[in-house]
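A.B. asks: Just passing along the structure, written as structure tokens.
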Amino acid sequence: MKTATVRAGLQTASRGGIDAARRRCLAYRRRILDISQQVSALHVAPAFSCLEIVDTIYHELMRWGADGQSADTFLMSKGHGCMAQYVILEDLGILRTDDLDRYCKAGGRLGAHPDYGVPGIAASTGSLGHGLGMAVGMAYADRLLGADRSVYALLGDGEMQEGSIWEAVMMAANLRLDRLVAFADVNDFQGLGRTSETHPFFYPVPDKAIAFGWEAREVNGHDHRAILDAVRGRSGGRPLLVVCRTIKGKGVSYMENVPIWHYRSPDRAEYQQAIGALREVTS
Amino acid sequence: MRNTFAETFYEAGKLDERLCLVVADISPAGAIDRFRTQFPDRFVNTGVAEQIMIGMCAGMALRGLRPFAYTIATFALFRPYEMVRDDLCYQNLPVTVVGIGGGLTYSTLGGTHHAQEDVAIASAIPNMTVIAPCDPAETRLVTGWCTTQQGGPVYLRLGKAGEPDLTGQADEPWRFGRLRYLTRGRDVCILSYGSTVKLAGEVAAHVREQGRSVSLVSVHTLKPLDREGITQALLTHDRVVVIEELAPFGGLGPQVKALAWDAAARCRLDTFALEDAFHHVYGSHGELLSAHGLSREAIVSRLEAT
């Protein structure tokens, strides 16, 4: 079955280095805040915590062909972070502006969780603990098929309490899936409070992955360069977990580490305040 | 049944390299071992971990492969239920979930190993197809269909091993989604599927001895159900009997009753299913079925009383 399918002419979408990445993410945050005004509820803070990670994956790691198709796969396992993915897919021309304008509305095709079949969405997620298992299946299939393809999956730290994640972590290592890279968005917040308070023995996170046979690194999850270096500097031969320390709601000071912004949309005054105060996230 | 599945899958696997088998630490029957030896990369054992068994199958199917997940029915369907629902059915992926030991087949292993509501639960999920063949020959045909079908997910309920031949003299060939008349009569129609077709055949023999003409039908495809075929059976027989090894909710019996109402059928209709109970009894498969009221004697007695 192994017929190598290395595609010629693949390149990343990378343009303009770190400064451009910061400008992009500022624009993405604005766009997400704009969309939040269309609906009463939208996962702003979960998207803001993982924005630099998802931006790095799409612009610096995934390789694109001239046909606009990526050779690689990104899977948003923490499905509620999908606004970060939607605005980037819009920027890349994979989703239409019209799609985002009709987010969560009748006649639209974008909901509050990614749905398989929508352009750019590799799998349906939303219920937590599903994405990594599917990513393991994809990476294994890629090896069977001899495909030159990497699979990137983004997990939430709360999501990592699901037992299914650890079944997937175990199998990924057992199968030596060295083209699988998982990112943990460790923003320390979940439904009932701080993860570090409810699950203090979750830390240090990289040790857990290493004990399961993965390579693991920990970085500032708002630092594009650190995220990229962690992936590029890997030893290889096994799956990689990049543990990204992040701040939930990063970029809007009154949202940072405040649980209500997990799901609520800002009202008009709060929106104005957020837009006025938005600055480039420097790290 | 299990061996027939294995042999059929192995033969199909030789022809279609997209076919993969993902098992959760279940000892493979003979031909599965041959598949594993011959195609080691297409055989994955996730160990005692059923959520990743289904999740991996979904990921592999998203890449164009045709994986089969395979383990004991309770663990194939109940343990990773949400993965079956979300990963396979919501995304409508061509993955066959093979549940062996459906119903009370593993009679001595206790309620933890009894899939007495599997067909009802699988049938409730949109996009899911549910099939339960009744003997090795039907298993061969069904398995062949599963390896080549172009639709979405399938739950394939199998027994264990040692089932007798019930369809060798069948009046009709197997066709997906259609009733299969093993014998065709005029007066009484007995509908059953999977492991209870044998019991249904014994009841049919008794009714025939009473001088009545009997149809015996394998309702192998539980979803999509052959509603038209069942309606015809209800309208052309004066008595219809449903026998199934399933909880009394969500299975064939309640659906046949609903169809009878819709069709204003005038036949006598009796349904026999497992009781809504966990019986803490042990013994042979037949003895456990008897504890639920599914025995030739109990069924015949009720039929003769009405």
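Following the order of the structure tokens, chains are lettered A, B, ..., residues in each are numbered from 1, and ligands are numbered from 1.
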Where does chain B meet chain A within 10 Å, residue by residue, with the nearest atom pair and distance in Å to one decimal for each, counting only C-alpha atoms, listed by chain and rising number, as a Markdown table?
C.D. replies:
| residue | atom | partner | partner_atom | distance |
| --- | --- | --- | --- | --- |
| B:Glu17 | CA | A:Met1 | CA | 6.9 |
| B:Arg18 | CA | A:Met1 | CA | 8.5 |
| B:Cys20 | CA | A:Ala141 | CA | 9.8 |
| B:Asp41 | CA | A:Leu144 | CA | 6.9 |
| B:Arg42 | CA | A:Leu144 | CA | 7.7 |
| B:Val44 | CA | A:Leu175 | CA | 9.2 |
| B:Asn45 | CA | A:Met171 | CA | 9.3 |
| B:Thr46 | CA | A:Met171 | CA | 6.6 |
| B:Gly47 | CA | A:Met171 | CA | 8.9 |
| B:Val48 | CA | A:Glu167 | CA | 9.2 |
| B:Ala49 | CA | A:Glu167 | CA | 6.3 |
| B:Glu50 | CA | A:Glu167 | CA | 8.5 |
| B:Gln51 | CA | A:Ser164 | CA | 5.9 |
| B:Ile52 | CA | A:Gly133 | CA | 5.5 |
| B:Met53 | CA | A:Gly133 | CA | 8.3 |
| B:Ile54 | CA | A:Gly133 | CA | 8.1 |
| B:Gly55 | CA | A:Gly133 | CA | 4.6 |
| B:Met56 | CA | A:Gly137 | CA | 3.8 |
| B:Cys57 | CA | A:Gly137 | CA | 6.1 |
| B:Ala58 | CA | A:Met134 | CA | 5.8 |
| B:Gly59 | CA | A:Gly137 | CA | 4.0 |
| B:Met60 | CA | A:Gly137 | CA | 4.8 |
| B:Ala61 | CA | A:Met138 | CA | 8.1 |
| B:Leu62 | CA | A:Met138 | CA | 7.0 |
| B:Arg63 | CA | A:Met138 | CA | 6.2 |
| B:Gly64 | CA | A:Ala141 | CA | 8.4 |
| B:Leu65 | CA | A:Ala141 | CA | 7.3 |
| B:Pro80 | CA | A:Ser164 | CA | 9.1 |
| B:Glu82 | CA | A:Ser127 | CA | 8.7 |
| B:Met83 | CA | A:His130 | CA | 7.0 |
| B:Asp86 | CA | A:Ser124 | CA | 7.7 |
| B:Asp87 | CA | A:Ser124 | CA | 7.3 |
| B:Tyr90 | CA | A:Ser124 | CA | 7.9 |
| B:Gln91 | CA | A:Tyr116 | CA | 6.4 |
| B:Asn92 | CA | A:Tyr116 | CA | 9.7 |
A.B. asks: Would you return as a PyMOL selection string the members of segment 43-97 of chain A that DSSP assigns to helix (DSSP H, G or I) on this structure's backbone?
C.D. replies: chain A and resi 44-61+79-91+97
A.B. asks: Which residues are close to Pro200 of chain A, i.e. within 12 Å by only C-alpha atoms, leaving aside same-chain residues fewer than 5 positions away? Reply as a ChimeraX atom specification.
C.D. replies: /A:161,188,194-195,205
A.B. asks: Go ahead and dump the residues you just picked, C-alpha atoms, as a PDB file, in the first residue's frame.
C.D. replies:
ATOM      1  CA  GLN A 161      -8.888  15.073  31.900  1.00  0.00           C
ATOM      2  CA  ASP A 188      -5.494  26.899  33.460  1.00  0.00           C
ATOM      3  CA  ARG A 194      -8.598  26.877  37.783  1.00  0.00           C
ATOM      4  CA  THR A 195      -7.282  23.538  36.568  1.00  0.00           C
ATOM      5  CA  VAL A 205       2.365  18.341  32.011  1.00  0.00           C
TER       6      VAL A 205
END
A.B. asks: Can you pull out the residues contacting segment 109-113 of chain B? Cut-off 10 Å, using only C-alpha atoms, and skip same-chain residues under 5 positions away; I want them as a PyMOL selection string.
C.D. replies: chain B and resi 72-75+101-104+277-283
A.B. asks: Any idea what's packed within 7 Å of segment 38-52 of chain A, counting only C-alpha atoms, ignoring anything in its chain fewer than 3 positions away? Could you give it as a ChimeraX atom specification?
C.D. replies: /A:25,35,55-56,80-84,185,187,221-224,246-250,255,261-265
A.B. asks: Keeping only C-alpha atoms, write the selected residues as a PDB file, in the first residue's frame.
C.D. replies:
ATOM      1  CA  CYS A  25      -3.275  37.855  15.348  1.00  0.00           C
ATOM      2  CA  ILE A  35     -18.396  38.469  15.131  1.00  0.00           C
ATOM      3  CA  ASP A  55      -1.767  30.865  13.678  1.00  0.00           C
ATOM      4  CA  THR A  56       1.646  29.205  13.897  1.00  0.00           C
ATOM      5  CA  HIS A  80     -14.913  25.367  21.349  1.00  0.00           C
ATOM      6  CA  GLY A  81     -11.744  27.189  20.253  1.00  0.00           C
ATOM      7  CA  CYS A  82     -12.907  27.088  16.640  1.00  0.00           C
ATOM      8  CA  MET A  83     -13.309  30.874  16.223  1.00  0.00           C
ATOM      9  CA  ALA A  84      -9.502  30.969  16.101  1.00  0.00           C
ATOM     10  CA  ASP A 185      -3.487  24.941  25.299  1.00  0.00           C
ATOM     11  CA  ASN A 187      -4.779  28.220  29.967  1.00  0.00           C
ATOM     12  CA  GLY A 221       1.878  29.686  24.043  1.00  0.00           C
ATOM     13  CA  HIS A 222       1.608  33.311  22.912  1.00  0.00           C
ATOM     14  CA  ASP A 223       5.139  33.333  21.501  1.00  0.00           C
ATOM     15  CA  HIS A 224       5.101  32.326  17.844  1.00  0.00           C
ATOM     16  CA  THR A 246      -1.434  30.493  27.722  1.00  0.00           C
ATOM     17  CA  ILE A 247      -3.786  33.043  29.194  1.00  0.00           C
ATOM     18  CA  LYS A 248      -7.481  32.568  28.662  1.00  0.00           C
ATOM     19  CA  GLY A 249      -8.864  35.683  26.998  1.00  0.00           C
ATOM     20  CA  LYS A 250      -5.369  36.894  26.099  1.00  0.00           C
ATOM     21  CA  MET A 255     -11.306  39.057  29.856  1.00  0.00           C
ATOM     22  CA  TRP A 261     -15.749  35.045  29.029  1.00  0.00           C
ATOM     23  CA  HIS A 262     -15.501  31.354  28.274  1.00  0.00           C
ATOM     24  CA  TYR A 263     -18.816  31.707  26.499  1.00  0.00           C
ATOM     25  CA  ARG A 264     -20.394  35.139  26.858  1.00  0.00           C
ATOM     26  CA  SER A 265     -20.301  37.747  24.099  1.00  0.00           C
TER      27      SER A 265
END
A.B. asks: Rank A:Lys208, A:Arg109, A:Arg238, A:Arg225 by their smallest atom-to-atom distance to Arg179 of chain A, using only C-alpha atoms, and report the top residue only.
C.D. replies: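 For Arg179 of chain A, the nearest of the candidates is A:Arg238.
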A.B. asks: What lies within 10 Å of segment 205-207 of chain B using only C-alpha atoms, ignoring chain neighbours under 3 positions off, as a ChimeraX atom specification?
C.D. replies: /B:187-188,199-202,210-214,216,296-297,300,303-304
A.B. asks: Those selected residues, please, written with N, CA and C atoms and delivered as a CSV table (one decimal), in the first residue's frame.
C.D. replies:
chain,number,residue,atom,x,y,z
B,187,ASP,N,-50.4,-18.9,6.7
B,187,ASP,CA,-51.2,-18.6,7.9
B,187,ASP,C,-50.4,-17.8,9.0
B,188,VAL,N,-49.3,-18.3,9.4
B,188,VAL,CA,-48.6,-17.7,10.5
B,188,VAL,C,-47.2,-17.2,10.0
B,199,LEU,N,-34.4,-20.6,17.4
B,199,LEU,CA,-35.6,-20.8,18.3
B,199,LEU,C,-36.9,-20.6,17.5
B,200,ALA,N,-36.9,-19.6,16.6
B,200,ALA,CA,-38.1,-19.3,15.8
B,200,ALA,C,-38.4,-20.4,14.9
B,201,GLY,N,-37.3,-21.1,14.4
B,201,GLY,CA,-37.5,-22.3,13.6
B,201,GLY,C,-38.2,-23.4,14.3
B,202,GLU,N,-37.8,-23.6,15.6
B,202,GLU,CA,-38.4,-24.6,16.4
B,202,GLU,C,-39.9,-24.3,16.7
B,210,GLN,N,-49.2,-28.4,14.0
B,210,GLN,CA,-50.6,-28.2,14.3
B,210,GLN,C,-51.4,-28.0,13.0
B,211,GLY,N,-50.8,-28.1,11.9
B,211,GLY,CA,-51.5,-28.1,10.6
B,211,GLY,C,-51.6,-26.7,10.0
B,212,ARG,N,-50.8,-25.8,10.5
B,212,ARG,CA,-50.9,-24.5,9.9
B,212,ARG,C,-49.7,-24.2,9.0
B,213,SER,N,-49.8,-23.4,8.0
B,213,SER,CA,-48.8,-23.0,7.1
B,213,SER,C,-48.0,-21.9,7.6
B,214,VAL,N,-46.7,-22.0,7.7
B,214,VAL,CA,-45.8,-21.0,8.4
B,214,VAL,C,-44.8,-20.4,7.5
B,216,LEU,N,-41.2,-18.4,7.9
B,216,LEU,CA,-40.2,-18.1,8.8
B,216,LEU,C,-39.2,-17.1,8.1
B,296,ARG,N,-38.8,-22.4,23.6
B,296,ARG,CA,-39.8,-23.0,22.7
B,296,ARG,C,-41.1,-23.2,23.5
B,297,GLU,N,-40.9,-23.8,24.7
B,297,GLU,CA,-42.1,-24.2,25.5
B,297,GLU,C,-42.9,-22.9,25.8
B,300,VAL,N,-44.6,-21.3,22.7
B,300,VAL,CA,-45.7,-22.1,22.2
B,300,VAL,C,-46.9,-22.1,23.2
B,303,LEU,N,-48.6,-18.8,22.7
B,303,LEU,CA,-49.3,-18.8,21.4
B,303,LEU,C,-50.6,-19.6,21.4
B,304,GLU,N,-50.5,-20.8,22.1
B,304,GLU,CA,-51.7,-21.7,22.2
B,304,GLU,C,-52.8,-21.1,23.1
A.B. asks: Gly159 of chain B: which residues within 9 Å, counting only C-alpha atoms, same-chain residues fewer than 3 positions away excluded, as a ChimeraX atom specification?
C.D. replies: /B:1-2,99-103,105-106,132-135,162-163,194-195
A.B. asks: Mind pulling up the distance from atom CA of Asp118 of chain B to atom CA of Gly251 of chain B?
C.D. replies: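 Going from atom CA of Gly251 of chain B over to atom CA of Asp118 of chain B covers 9.4 Å.
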